[in-house]
file protein-v5.txt (compact mmCIF, C-alpha atoms)
# COMPACT_ATOMS: atom_id res chain seq x y z
CA MET X 8 106.92 86.55 120.84
CA ARG X 9 107.71 88.18 117.49
CA TRP X 10 110.80 87.53 115.47
CA PHE X 11 112.51 90.91 115.75
CA TRP X 12 116.25 90.92 115.08
CA ILE X 13 116.79 94.62 114.55
CA ASP X 14 116.02 97.39 117.03
CA ARG X 15 115.65 100.41 114.77
CA PHE X 16 116.75 101.99 111.53
CA ASP X 17 119.25 104.84 111.57
CA GLU X 18 119.19 105.41 107.82
CA PHE X 19 116.71 104.38 105.17
CA VAL X 20 116.92 105.59 101.57
CA ARG X 21 114.18 104.17 99.38
CA GLY X 22 115.40 101.76 96.71
CA SER X 23 119.04 102.29 97.69
CA HIS X 24 120.35 101.42 101.13
CA ALA X 25 119.54 101.30 104.82
CA VAL X 26 121.34 101.04 108.13
CA ALA X 27 119.76 99.27 111.11
CA VAL X 28 121.13 98.61 114.56
CA LYS X 29 120.83 95.56 116.76
CA ASN X 30 121.88 95.78 120.39
CA VAL X 31 123.07 92.47 121.72
CA SER X 32 122.06 92.06 125.37
CA LEU X 33 122.48 89.37 127.94
CA ALA X 34 118.80 89.93 128.73
CA GLU X 35 118.02 88.02 125.53
CA GLU X 36 117.02 84.55 126.52
CA HIS X 37 118.59 82.81 123.57
CA LEU X 38 122.04 83.87 124.77
CA HIS X 39 121.69 82.15 128.13
CA ASP X 40 122.38 78.74 126.71
CA HIS X 41 124.55 79.85 123.82
CA PHE X 42 126.82 79.38 125.66
CA PRO X 43 126.68 79.31 129.48
CA GLY X 44 129.48 81.52 130.72
CA ALA X 45 130.47 82.54 127.19
CA ALA X 46 127.41 84.07 125.54
CA LEU X 47 127.64 84.90 121.86
CA MET X 48 125.09 85.95 119.29
CA PRO X 49 124.54 83.13 116.76
CA ASN X 50 125.56 84.20 113.28
CA SER X 51 122.43 82.52 111.92
CA LEU X 52 120.37 85.12 113.84
CA ILE X 53 122.65 87.87 112.61
CA VAL X 54 121.75 86.73 109.11
CA GLU X 55 118.11 87.09 110.13
CA GLY X 56 118.78 90.66 111.28
CA MET X 57 120.56 91.38 108.02
CA ALA X 58 117.58 89.89 106.16
CA GLN X 59 115.12 92.07 108.08
CA THR X 60 117.18 95.16 107.26
CA ALA X 61 117.43 94.31 103.57
CA GLY X 62 113.96 92.80 103.36
CA LEU X 63 112.20 95.93 104.60
CA LEU X 64 114.32 98.03 102.25
CA VAL X 65 113.23 95.84 99.34
CA ALA X 66 109.59 95.63 100.43
CA ASP X 67 109.44 99.42 100.65
CA ALA X 68 111.03 99.71 97.19
CA ILE X 69 108.20 97.66 95.69
CA ASP X 70 105.54 99.44 97.75
CA TYR X 71 104.80 96.35 99.88
CA ASN X 72 102.88 94.97 96.90
CA ARG X 73 104.39 91.50 97.08
CA ARG X 74 105.50 89.17 99.84
CA VAL X 75 109.21 89.55 100.24
CA VAL X 76 110.78 86.36 101.53
CA LEU X 77 114.41 85.46 102.06
CA ALA X 78 114.92 82.87 99.34
CA LYS X 79 118.61 82.28 99.54
CA VAL X 80 121.75 83.24 101.40
CA ALA X 81 124.00 83.38 98.35
CA ALA X 82 127.14 84.04 100.41
CA ALA X 83 127.91 84.75 104.05
CA GLU X 84 131.15 85.24 105.92
CA PHE X 85 131.78 86.17 109.55
CA HIS X 86 135.00 87.50 111.01
CA PHE X 87 134.38 87.43 114.75
CA ASP X 88 131.61 86.68 117.23
CA ALA X 89 129.23 89.34 118.50
CA VAL X 90 128.79 89.25 122.28
CA PRO X 91 126.52 90.96 124.84
CA GLY X 92 127.24 94.67 124.94
CA ASP X 93 127.97 94.89 121.23
CA THR X 94 125.92 97.07 118.93
CA LEU X 95 125.68 95.59 115.47
CA ARG X 96 125.16 97.96 112.57
CA PHE X 97 123.70 96.30 109.52
CA ARG X 98 124.12 98.17 106.25
CA ALA X 99 122.02 96.80 103.42
CA GLU X 100 122.28 97.81 99.81
CA ILE X 101 120.10 96.78 96.89
CA LEU X 102 122.32 95.44 94.12
CA ASP X 103 119.56 94.50 91.73
CA LEU X 104 115.81 94.50 91.82
CA LYS X 105 113.24 92.96 89.49
CA PRO X 106 109.53 92.34 89.94
CA GLY X 107 110.17 88.72 90.90
CA GLY X 108 113.22 89.06 93.12
CA SER X 109 116.11 91.13 94.39
CA LEU X 110 119.76 90.72 95.26
CA THR X 111 121.13 92.61 98.25
CA LYS X 112 124.45 92.93 100.01
CA VAL X 113 124.57 93.44 103.76
CA SER X 114 127.46 94.09 106.10
CA SER X 115 127.51 93.86 109.89
CA ARG X 116 129.85 96.06 111.92
CA VAL X 117 130.68 96.49 115.59
CA ASP X 118 132.05 100.02 115.81
CA GLU X 119 134.29 100.17 112.75
CA ARG X 120 135.13 96.49 112.71
CA LEU X 121 133.61 94.38 109.96
CA GLN X 122 131.87 91.52 111.76
CA GLY X 123 130.17 89.84 108.81
CA GLU X 124 129.02 90.15 105.21
CA ALA X 125 126.31 88.41 103.27
CA GLU X 126 124.62 88.42 99.90
CA LEU X 127 120.93 87.85 100.38
CA PHE X 128 118.51 86.99 97.66
CA PHE X 129 114.80 87.71 98.10
CA ALA X 130 111.86 86.34 96.18
CA HIS X 131 108.90 88.65 95.72
CA LEU X 132 105.85 86.43 95.73
CA GLU X 133 102.33 87.25 94.76
CA PRO X 134 99.30 85.85 96.58
CA GLY X 135 98.81 82.29 95.46
CA GLU X 136 102.50 81.56 95.04
CA GLY X 137 102.56 79.33 98.09
CA VAL X 138 103.33 81.79 100.87
CA PRO X 139 100.58 82.76 103.31
CA LYS X 140 99.97 86.41 104.10
CA LEU X 141 102.94 87.51 106.17
CA PHE X 142 101.47 90.52 107.96
CA GLU X 143 98.21 92.29 108.57
CA PRO X 144 98.74 95.85 107.29
CA GLU X 145 98.23 97.43 110.70
CA GLU X 146 100.70 95.02 112.29
CA LEU X 147 103.27 95.77 109.61
CA LEU X 148 102.76 99.49 110.09
CA LYS X 149 103.35 99.13 113.82
CA TRP X 150 106.62 97.39 113.10
CA LEU X 151 107.66 100.09 110.61
CA ASP X 152 106.81 102.75 113.21
CA GLN X 153 108.81 100.88 115.83
CA MET X 154 111.72 100.77 113.39
CA HIS X 155 111.45 104.58 112.92
CA ILE X 156 111.34 104.18 109.17
CA TYR X 157 109.00 107.16 108.72
CA ASP X 158 111.00 109.27 111.16
CA ILE X 159 114.30 108.96 109.37
CA GLY X 160 113.46 107.53 105.92
CA ARG X 161 114.03 109.45 102.72
CA ASP X 162 112.92 108.82 99.17
CA GLU X 163 115.21 108.88 96.12
CA SER X 164 115.11 112.68 95.94
CA GLY X 165 115.85 113.19 99.65
CA GLN X 166 112.27 113.97 100.72
CA PRO X 167 110.84 112.37 103.88
CA LEU X 168 108.98 109.11 103.31
CA GLN X 169 105.23 109.41 103.54
CA ARG X 170 103.69 107.09 106.10
CA PRO X 171 101.14 104.97 104.20
CA ASP X 172 97.49 105.18 105.08
CA TRP X 173 96.67 101.47 105.47
CA MET T 13 132.83 89.94 70.66
CA PRO T 14 133.72 87.47 73.40
CA SER T 15 134.78 84.00 72.38
CA ARG T 16 132.82 80.94 73.33
CA ASP T 17 135.47 80.07 75.93
CA GLU T 18 135.31 83.53 77.47
CA ILE T 19 131.54 83.23 77.71
CA PHE T 20 131.84 79.76 79.24
CA GLU T 21 134.24 81.00 81.92
CA LYS T 22 131.93 83.83 82.96
CA VAL T 23 128.92 81.52 82.94
CA ARG T 24 130.91 79.11 85.08
CA THR T 25 131.72 81.85 87.59
CA ALA T 26 128.05 82.88 87.73
CA LEU T 27 126.98 79.30 88.36
CA VAL T 28 129.68 78.67 90.96
CA ASP T 29 128.57 81.81 92.83
CA ALA T 30 124.84 81.20 92.47
CA LEU T 31 124.80 77.49 93.20
CA GLY T 32 127.76 77.07 95.53
CA VAL T 33 129.25 74.32 93.36
CA ASP T 34 132.91 73.72 92.58
CA ASP T 35 134.52 74.98 89.38
CA ASP T 36 135.13 71.50 88.06
CA GLU T 37 131.50 70.49 88.48
CA VAL T 38 130.45 73.11 85.93
CA THR T 39 131.08 71.26 82.68
CA SER T 40 129.35 71.92 79.37
CA SER T 41 127.21 68.83 79.64
CA ALA T 42 126.29 69.21 83.32
CA THR T 43 122.56 69.61 83.81
CA MET T 44 121.45 72.62 85.80
CA VAL T 45 119.02 70.81 88.04
CA GLY T 46 120.23 67.22 88.16
CA ASP T 47 124.00 67.78 88.32
CA LEU T 48 124.29 71.27 89.79
CA GLY T 49 121.26 71.20 92.07
CA ALA T 50 119.64 74.40 90.79
CA GLU T 51 116.22 75.13 92.27
CA SER T 52 113.64 77.45 90.80
CA ILE T 53 114.77 80.47 92.83
CA ASP T 54 118.34 79.90 91.62
CA PHE T 55 117.32 80.67 88.05
CA LEU T 56 116.42 84.22 89.06
CA ASP T 57 119.74 84.54 90.89
CA ILE T 58 121.51 83.26 87.76
CA VAL T 59 119.64 85.85 85.67
CA PHE T 60 120.97 88.63 87.93
CA ARG T 61 124.52 87.33 87.71
CA LEU T 62 124.51 86.81 83.94
CA GLU T 63 123.09 90.29 83.39
CA LYS T 64 125.87 91.79 85.48
CA ALA T 65 128.67 89.65 84.04
CA PHE T 66 127.76 90.33 80.42
CA GLY T 67 126.01 93.70 80.64
CA ILE T 68 122.86 92.23 79.10
CA LYS T 69 119.17 92.41 79.94
CA ILE T 70 117.33 89.14 80.32
CA PRO T 71 113.56 89.63 80.08
CA ARG T 72 111.40 87.45 82.28
CA GLY T 73 110.58 84.17 80.57
CA GLU T 74 113.47 84.29 78.12
CA LEU T 75 115.89 82.03 79.97
CA PHE T 76 113.21 79.95 81.60
CA PRO T 77 109.84 79.90 79.78
CA GLU T 78 107.53 79.60 82.77
CA ASP T 79 104.71 81.26 80.84
CA VAL T 80 104.78 78.59 78.10
CA LEU T 81 105.13 75.78 80.61
CA SER T 82 102.11 76.94 82.59
CA SER T 83 99.85 77.78 79.64
CA SER T 84 96.78 75.65 78.93
CA GLU T 85 97.28 76.45 75.27
CA PHE T 86 100.73 74.85 75.20
CA VAL T 87 100.40 72.12 77.81
CA THR T 88 98.11 69.10 77.58
CA ASN T 89 97.93 66.57 80.42
CA GLY T 90 101.18 67.78 81.93
CA LYS T 91 103.07 67.58 78.65
CA VAL T 92 104.09 70.33 76.29
CA ASN T 93 102.04 69.80 73.12
CA ALA T 94 103.08 70.34 69.51
CA ALA T 95 102.13 74.01 69.59
CA GLY T 96 104.07 74.41 72.82
CA LEU T 97 107.17 72.76 71.40
CA ALA T 98 106.94 75.03 68.36
CA ALA T 99 106.64 78.03 70.69
CA LEU T 100 109.65 76.92 72.71
CA LYS T 101 111.76 76.40 69.59
CA ALA T 102 110.81 79.75 68.17
CA ARG T 103 111.44 81.54 71.48
CA MET T 104 114.53 79.60 72.47
CA PRO T 105 116.55 78.53 69.45
CA PHE T 106 119.61 78.37 71.70
CA TYR T 107 118.29 75.36 73.63
CA ASP T 108 118.83 71.83 72.38
CA LEU T 109 115.36 70.37 72.85
CA THR T 110 116.15 66.96 71.28
CA ASN T 111 116.04 65.07 74.55
CA PHE T 112 113.11 67.01 75.89
CA GLU T 113 111.00 66.19 72.83
CA LYS T 114 111.24 62.48 73.62
CA ASN T 115 109.27 63.04 76.81
CA PRO T 116 108.07 66.64 76.88
CA SER T 117 106.65 66.47 80.39
CA VAL T 118 106.63 69.97 81.92
CA GLN T 119 108.50 68.59 84.91
CA ASN T 120 111.31 67.46 82.64
CA PHE T 121 112.05 70.91 81.25
CA PRO T 122 114.31 72.16 84.03
CA ASN T 123 116.03 68.78 84.12
CA MET T 124 117.15 68.95 80.52
CA LEU T 125 118.79 72.38 80.69
CA THR T 126 122.57 72.14 80.59
CA VAL T 127 125.43 74.54 81.16
CA GLU T 128 125.97 74.52 77.40
CA ASP T 129 122.38 75.76 76.95
CA MET T 130 123.23 78.70 79.23
CA VAL T 131 126.36 79.41 77.18
CA ARG T 132 124.43 79.30 73.91
CA TYR T 133 121.80 81.58 75.38
CA VAL T 134 124.41 84.16 76.33
CA GLN T 135 126.04 83.81 72.92
CA SER T 136 122.69 84.62 71.32
CA LYS T 137 122.52 87.77 73.46
CA VAL T 138 126.06 89.05 72.97
CA GLY T 139 126.48 87.81 69.43
CA GLY T 140 129.58 85.79 70.27
call {"tool": "encode", "arguments": {"input": "protein-v5.txt", "output": "structure tokens"}}
result
Amino acid sequence: MRWFWIDRFDEFVRGSHAVAVKNVSLAEEHLHDHFPGAALMPNSLIVEGMAQTAGLLVADAIDYNRRVVLAKVAAAEFHFDAVPGDTLRFRAEILDLKPGGSLTKVSSRVDERLQGEAELFFAHLEPGEGVPKLFEPEELLKWLDQMHIYDIGRDESGQPLQRPDW
Amino acid sequence: MPSRDEIFEKVRTALVDALGVDDDEVTSSATMVGDLGAESIDFLDIVFRLEKAFGIKIPRGELFPEDVLSSSEFVTNGKVNAAGLAALKARMPFYDLTNFEKNPSVQNFPNMLTVEDMVRYVQSKVGG
């Protein structure tokens, strides 16, 4: 099992912002016990979905040259619970980016209702900085394809993103 | 030019947001690591917040001299040597290194940084 908490990207603008969707379904096993008869998506996993949305945006912005890891949830607030049948839309925006780290802001909406907001801080680590290799390139590329990043992604000038040749 | 108190208030806000501490915990003499619980990744977060709050640019290594502290030229047996201390003083005149000099173990460096050191650093950048 892989740790996928977004289903696809609907918008992806290099170095700027991205929108990903997550469909919450009762077919997901983790909802069966959380809670029996009253399933709800844990906000901790929503943070993970937000982090995947923002993390891929950041990793793309630095050309996947470093290992982008969620270092800190600087702030997070949730307004209501997401339940089976809901479609969450995560909108991530890069607030600041340096070689060593980045600060992002991510919102989560169900339809037009603001479900949650978080400020996520990523560290960009180089090999040897204590984090093992996160992905084999071909595995990462499969994930990016699955996320439709190269179908819908645009660079800063509005041109389609080029799928890398890894 | 902002006054020292204005700088302190903005530094306090940055530290409250970055470290999740209460306003009243952020005193001038509070140490960043020991009292406020800052970890290494927090320093980068603090850099982002100070840059935004004051409209300044903080080059890597200026607020936290990781290059000096990891250099074989400046560190001998886990302690910052005389050349290293000279380098730190020249690079970071805004830090009060008096306590650090008594036991200049590399590990002690983050422990000796105080909120006041952050304020003096910002003052040196904005000329307050």
call {"tool": "interface_residues", "arguments": {"input": "protein-v5.txt", "of": "chain T", "to": "chain X", "cutoff": "8 Å", "atoms": "all atoms listed in the file", "output": "list in words"}}
result
Asp29, Ala30, Leu31, Gly32, Ile53, Leu56, Asp57 and Phe60 of chain T
call {"tool": "closest_atom_pairs", "arguments": {"input": "protein-v5.txt", "of": "stretch 57-139 of chain X", "to": "stretch 154-163 of chain X", "cutoff": "10 Å", "atoms": "only C-alpha atoms", "output": "JSON lines"}}
result
{"residue": "X:Thr60", "atom": "CA", "partner": "X:Met154", "partner_atom": "CA", "distance": 9.9}
{"residue": "X:Leu63", "atom": "CA", "partner": "X:Ile156", "partner_atom": "CA", "distance": 9.5}
{"residue": "X:Leu64", "atom": "CA", "partner": "X:Ile156", "partner_atom": "CA", "distance": 9.7}
{"residue": "X:Asp67", "atom": "CA", "partner": "X:Ile156", "partner_atom": "CA", "distance": 9.9}
{"residue": "X:Ala68", "atom": "CA", "partner": "X:Asp162", "partner_atom": "CA", "distance": 9.5}
call {"tool": "closest_residue", "arguments": {"input": "protein-v5.txt", "among": "X:Leu147, X:Leu127, X:Leu121, X:Ala25", "to": "X:His86", "atoms": "only C-alpha atoms"}}
result
X:Leu121
call {"tool": "atom_distance", "arguments": {"input": "protein-v5.txt", "atom1": "atom CA of X:Asp118", "atom2": "atom CA of X:Arg98"}}
result
12.6 Å
call {"tool": "closest_residue", "arguments": {"input": "protein-v5.txt", "among": "X:Phe87, X:Val20, X:Trp150, X:Lys112", "to": "X:Pro167", "atoms": "all atoms listed in the file"}}
result
X:Val20
call {"tool": "residues_around", "arguments": {"input": "protein-v5.txt", "residues": "stretch 109-126 of chain T", "least_positions_apart": "5", "cutoff": "8 Å", "atoms": "all atoms listed in the file", "output": "list of chain:residue names"}}
result
T:Ser40, T:Ser41, T:Ala42, T:Thr43, T:Met44, T:Val45, T:Gly46, T:Leu81, T:Val87, T:Gly90, T:Lys91, T:Val92, T:Asn93, T:Leu97, T:Lys101
call {"tool": "write_last_selection", "arguments": {"input": "protein-v5.txt", "atoms": "C-alpha atoms", "output": "PDB file, in the frame of the given file"}}
result
ATOM      1  CA  SER T  40     129.350  71.920  79.370  1.00  0.00           C
ATOM      2  CA  SER T  41     127.210  68.830  79.640  1.00  0.00           C
ATOM      3  CA  ALA T  42     126.290  69.210  83.320  1.00  0.00           C
ATOM      4  CA  THR T  43     122.560  69.610  83.810  1.00  0.00           C
ATOM      5  CA  MET T  44     121.450  72.620  85.800  1.00  0.00           C
ATOM      6  CA  VAL T  45     119.020  70.810  88.040  1.00  0.00           C
ATOM      7  CA  GLY T  46     120.230  67.220  88.160  1.00  0.00           C
ATOM      8  CA  LEU T  81     105.130  75.780  80.610  1.00  0.00           C
ATOM      9  CA  VAL T  87     100.400  72.120  77.810  1.00  0.00           C
ATOM     10  CA  GLY T  90     101.180  67.780  81.930  1.00  0.00           C
ATOM     11  CA  LYS T  91     103.070  67.580  78.650  1.00  0.00           C
ATOM     12  CA  VAL T  92     104.090  70.330  76.290  1.00  0.00           C
ATOM     13  CA  ASN T  93     102.040  69.800  73.120  1.00  0.00           C
ATOM     14  CA  LEU T  97     107.170  72.760  71.400  1.00  0.00           C
ATOM     15  CA  LYS T 101     111.760  76.400  69.590  1.00  0.00           C
TER      16      LYS T 101
END
call {"tool": "atom_distance", "arguments": {"input": "protein-v5.txt", "atom1": "atom CA of T:Lys137", "atom2": "atom CA of T:Ile68"}}
result
7.2 Å
call {"tool": "residues_around", "arguments": {"input": "protein-v5.txt", "residues": "T:Leu62", "least_positions_apart": "5", "cutoff": "8 Å", "atoms": "all atoms listed in the file", "output": "list in words"}}
result
Val23, Ala26, Gly67 and Ile68 of chain T
call {"tool": "atom_distance", "arguments": {"input": "protein-v5.txt", "atom1": "atom CA of X:Asn72", "atom2": "atom CA of X:Gly165"}}
result
22.5 Å
call {"tool": "residues_around", "arguments": {"input": "protein-v5.txt", "residues": "X:Gly92", "least_positions_apart": "3", "cutoff": "8 Å", "atoms": "only C-alpha atoms", "output": "ChimeraX atom specification"}}
result
/X:30-33
call {"tool": "write_last_selection", "arguments": {"input": "protein-v5.txt", "atoms": "C-alpha atoms", "output": "PDB file, in the coordinates of the input"}}
result
ATOM      1  CA  ASN X  30     121.880  95.780 120.390  1.00  0.00           C
ATOM      2  CA  VAL X  31     123.070  92.470 121.720  1.00  0.00           C
ATOM      3  CA  SER X  32     122.060  92.060 125.370  1.00  0.00           C
ATOM      4  CA  LEU X  33     122.480  89.370 127.940  1.00  0.00           C
TER       5      LEU X  33
END
call {"tool": "residues_near_point", "arguments": {"input": "protein-v5.txt", "point": "(114.9, 82.3, 70.8)", "cutoff": "10 Å", "atoms": "only C-alpha atoms", "output": "PyMOL selection string"}}
result
chain T and resi 74-75+99-107+133+136-137
call {"tool": "closest_residue", "arguments": {"input": "protein-v5.txt", "among": "X:Arg15, X:Gln122, X:Gly56, X:Trp173", "to": "X:Leu148", "atoms": "only C-alpha atoms"}}
result
X:Trp173
call {"tool": "closest_residue", "arguments": {"input": "protein-v5.txt", "among": "T:Asp108, T:Glu37, T:Glu128, T:Asp79", "to": "T:Gly49", "atoms": "all atoms listed in the file"}}
result
T:Glu37
call {"tool": "build_atoms", "arguments": {"input": "protein-v5.txt", "residues": "stretch 95-124 of chain T", "atoms": "N, CA and C atoms", "output": "mmCIF file, in the frame of the given file"}}
result
data_model
loop_
_atom_site.group_PDB
_atom_site.id
_atom_site.type_symbol
_atom_site.label_atom_id
_atom_site.label_comp_id
_atom_site.auth_asym_id
_atom_site.auth_seq_id
_atom_site.Cartn_x
_atom_site.Cartn_y
_atom_site.Cartn_z
ATOM 1 N N ALA T 95 102.091 72.536 69.687
ATOM 2 C CA ALA T 95 102.130 74.010 69.590
ATOM 3 C C ALA T 95 103.121 74.570 70.608
ATOM 4 N N GLY T 96 103.151 73.949 71.784
ATOM 5 C CA GLY T 96 104.070 74.410 72.820
ATOM 6 C C GLY T 96 105.512 74.190 72.422
ATOM 7 N N LEU T 97 105.791 73.024 71.836
ATOM 8 C CA LEU T 97 107.170 72.760 71.400
ATOM 9 C C LEU T 97 107.584 73.755 70.322
ATOM 10 N N ALA T 98 106.634 74.051 69.411
ATOM 11 C CA ALA T 98 106.940 75.030 68.360
ATOM 12 C C ALA T 98 107.229 76.391 68.990
ATOM 13 N N ALA T 99 106.439 76.729 70.022
ATOM 14 C CA ALA T 99 106.640 78.030 70.690
ATOM 15 C C ALA T 99 108.004 78.066 71.381
ATOM 16 N N LEU T 100 108.354 76.958 72.027
ATOM 17 C CA LEU T 100 109.650 76.920 72.710
ATOM 18 C C LEU T 100 110.803 77.049 71.716
ATOM 19 N N LYS T 101 110.671 76.351 70.594
ATOM 20 C CA LYS T 101 111.760 76.400 69.590
ATOM 21 C C LYS T 101 111.903 77.798 69.005
ATOM 22 N N ALA T 102 110.756 78.410 68.760
ATOM 23 C CA ALA T 102 110.810 79.750 68.170
ATOM 24 C C ALA T 102 111.405 80.734 69.180
ATOM 25 N N ARG T 103 110.997 80.606 70.436
ATOM 26 C CA ARG T 103 111.440 81.540 71.480
ATOM 27 C C ARG T 103 112.880 81.274 71.884
ATOM 28 N N MET T 104 113.255 79.988 71.881
ATOM 29 C CA MET T 104 114.530 79.600 72.470
ATOM 30 C C MET T 104 115.355 78.741 71.523
ATOM 31 N N PRO T 105 115.770 79.322 70.412
ATOM 32 C CA PRO T 105 116.550 78.530 69.450
ATOM 33 C C PRO T 105 117.892 78.079 70.015
ATOM 34 N N PHE T 106 118.304 78.701 71.119
ATOM 35 C CA PHE T 106 119.610 78.370 71.700
ATOM 36 C C PHE T 106 119.559 77.110 72.534
ATOM 37 N N TYR T 107 118.371 76.597 72.836
ATOM 38 C CA TYR T 107 118.290 75.360 73.630
ATOM 39 C C TYR T 107 118.224 74.158 72.699
ATOM 40 N N ASP T 108 118.933 73.101 73.097
ATOM 41 C CA ASP T 108 118.830 71.830 72.380
ATOM 42 C C ASP T 108 117.680 71.049 73.011
ATOM 43 N N LEU T 109 116.569 70.990 72.289
ATOM 44 C CA LEU T 109 115.360 70.370 72.850
ATOM 45 C C LEU T 109 115.216 68.900 72.439
ATOM 46 N N THR T 110 116.246 68.334 71.803
ATOM 47 C CA THR T 110 116.150 66.960 71.280
ATOM 48 C C THR T 110 115.709 65.978 72.362
ATOM 49 N N ASN T 111 116.372 66.014 73.486
ATOM 50 C CA ASN T 111 116.040 65.070 74.550
ATOM 51 C C ASN T 111 114.663 65.361 75.153
ATOM 52 N N PHE T 112 114.387 66.631 75.294
ATOM 53 C CA PHE T 112 113.110 67.010 75.890
ATOM 54 C C PHE T 112 111.929 66.526 75.044
ATOM 55 N N GLU T 113 112.101 66.573 73.728
ATOM 56 C CA GLU T 113 111.000 66.190 72.830
ATOM 57 C C GLU T 113 110.611 64.725 72.991
ATOM 58 N N LYS T 114 111.550 63.909 73.447
ATOM 59 C CA LYS T 114 111.240 62.480 73.620
ATOM 60 C C LYS T 114 110.208 62.271 74.724
ATOM 61 N N ASN T 115 110.271 63.105 75.729
ATOM 62 C CA ASN T 115 109.270 63.040 76.810
ATOM 63 C C ASN T 115 109.040 64.446 77.333
ATOM 64 N N PRO T 116 108.182 65.192 76.594
ATOM 65 C CA PRO T 116 108.070 66.640 76.880
ATOM 66 C C PRO T 116 107.193 66.952 78.097
ATOM 67 N N SER T 117 107.376 66.181 79.154
ATOM 68 C CA SER T 117 106.650 66.470 80.390
ATOM 69 C C SER T 117 107.171 67.804 80.939
ATOM 70 N N VAL T 118 106.242 68.638 81.405
ATOM 71 C CA VAL T 118 106.630 69.970 81.920
ATOM 72 C C VAL T 118 107.703 69.825 82.998
ATOM 73 N N GLN T 119 107.540 68.794 83.819
ATOM 74 C CA GLN T 119 108.500 68.590 84.910
ATOM 75 C C GLN T 119 109.908 68.321 84.403
ATOM 76 N N ASN T 120 109.988 67.802 83.177
ATOM 77 C CA ASN T 120 111.310 67.460 82.640
ATOM 78 C C ASN T 120 112.085 68.670 82.136
ATOM 79 N N PHE T 121 111.370 69.772 81.910
ATOM 80 C CA PHE T 121 112.050 70.910 81.250
ATOM 81 C C PHE T 121 113.272 71.388 82.025
ATOM 82 N N PRO T 122 113.107 71.683 83.316
ATOM 83 C CA PRO T 122 114.310 72.160 84.030
ATOM 84 C C PRO T 122 115.409 71.114 84.087
ATOM 85 N N ASN T 123 115.016 69.830 84.029
ATOM 86 C CA ASN T 123 116.030 68.780 84.120
ATOM 87 C C ASN T 123 116.895 68.673 82.880
ATOM 88 N N MET T 124 116.361 69.150 81.751
ATOM 89 C CA MET T 124 117.150 68.950 80.520
ATOM 90 C C MET T 124 118.092 70.117 80.237
#
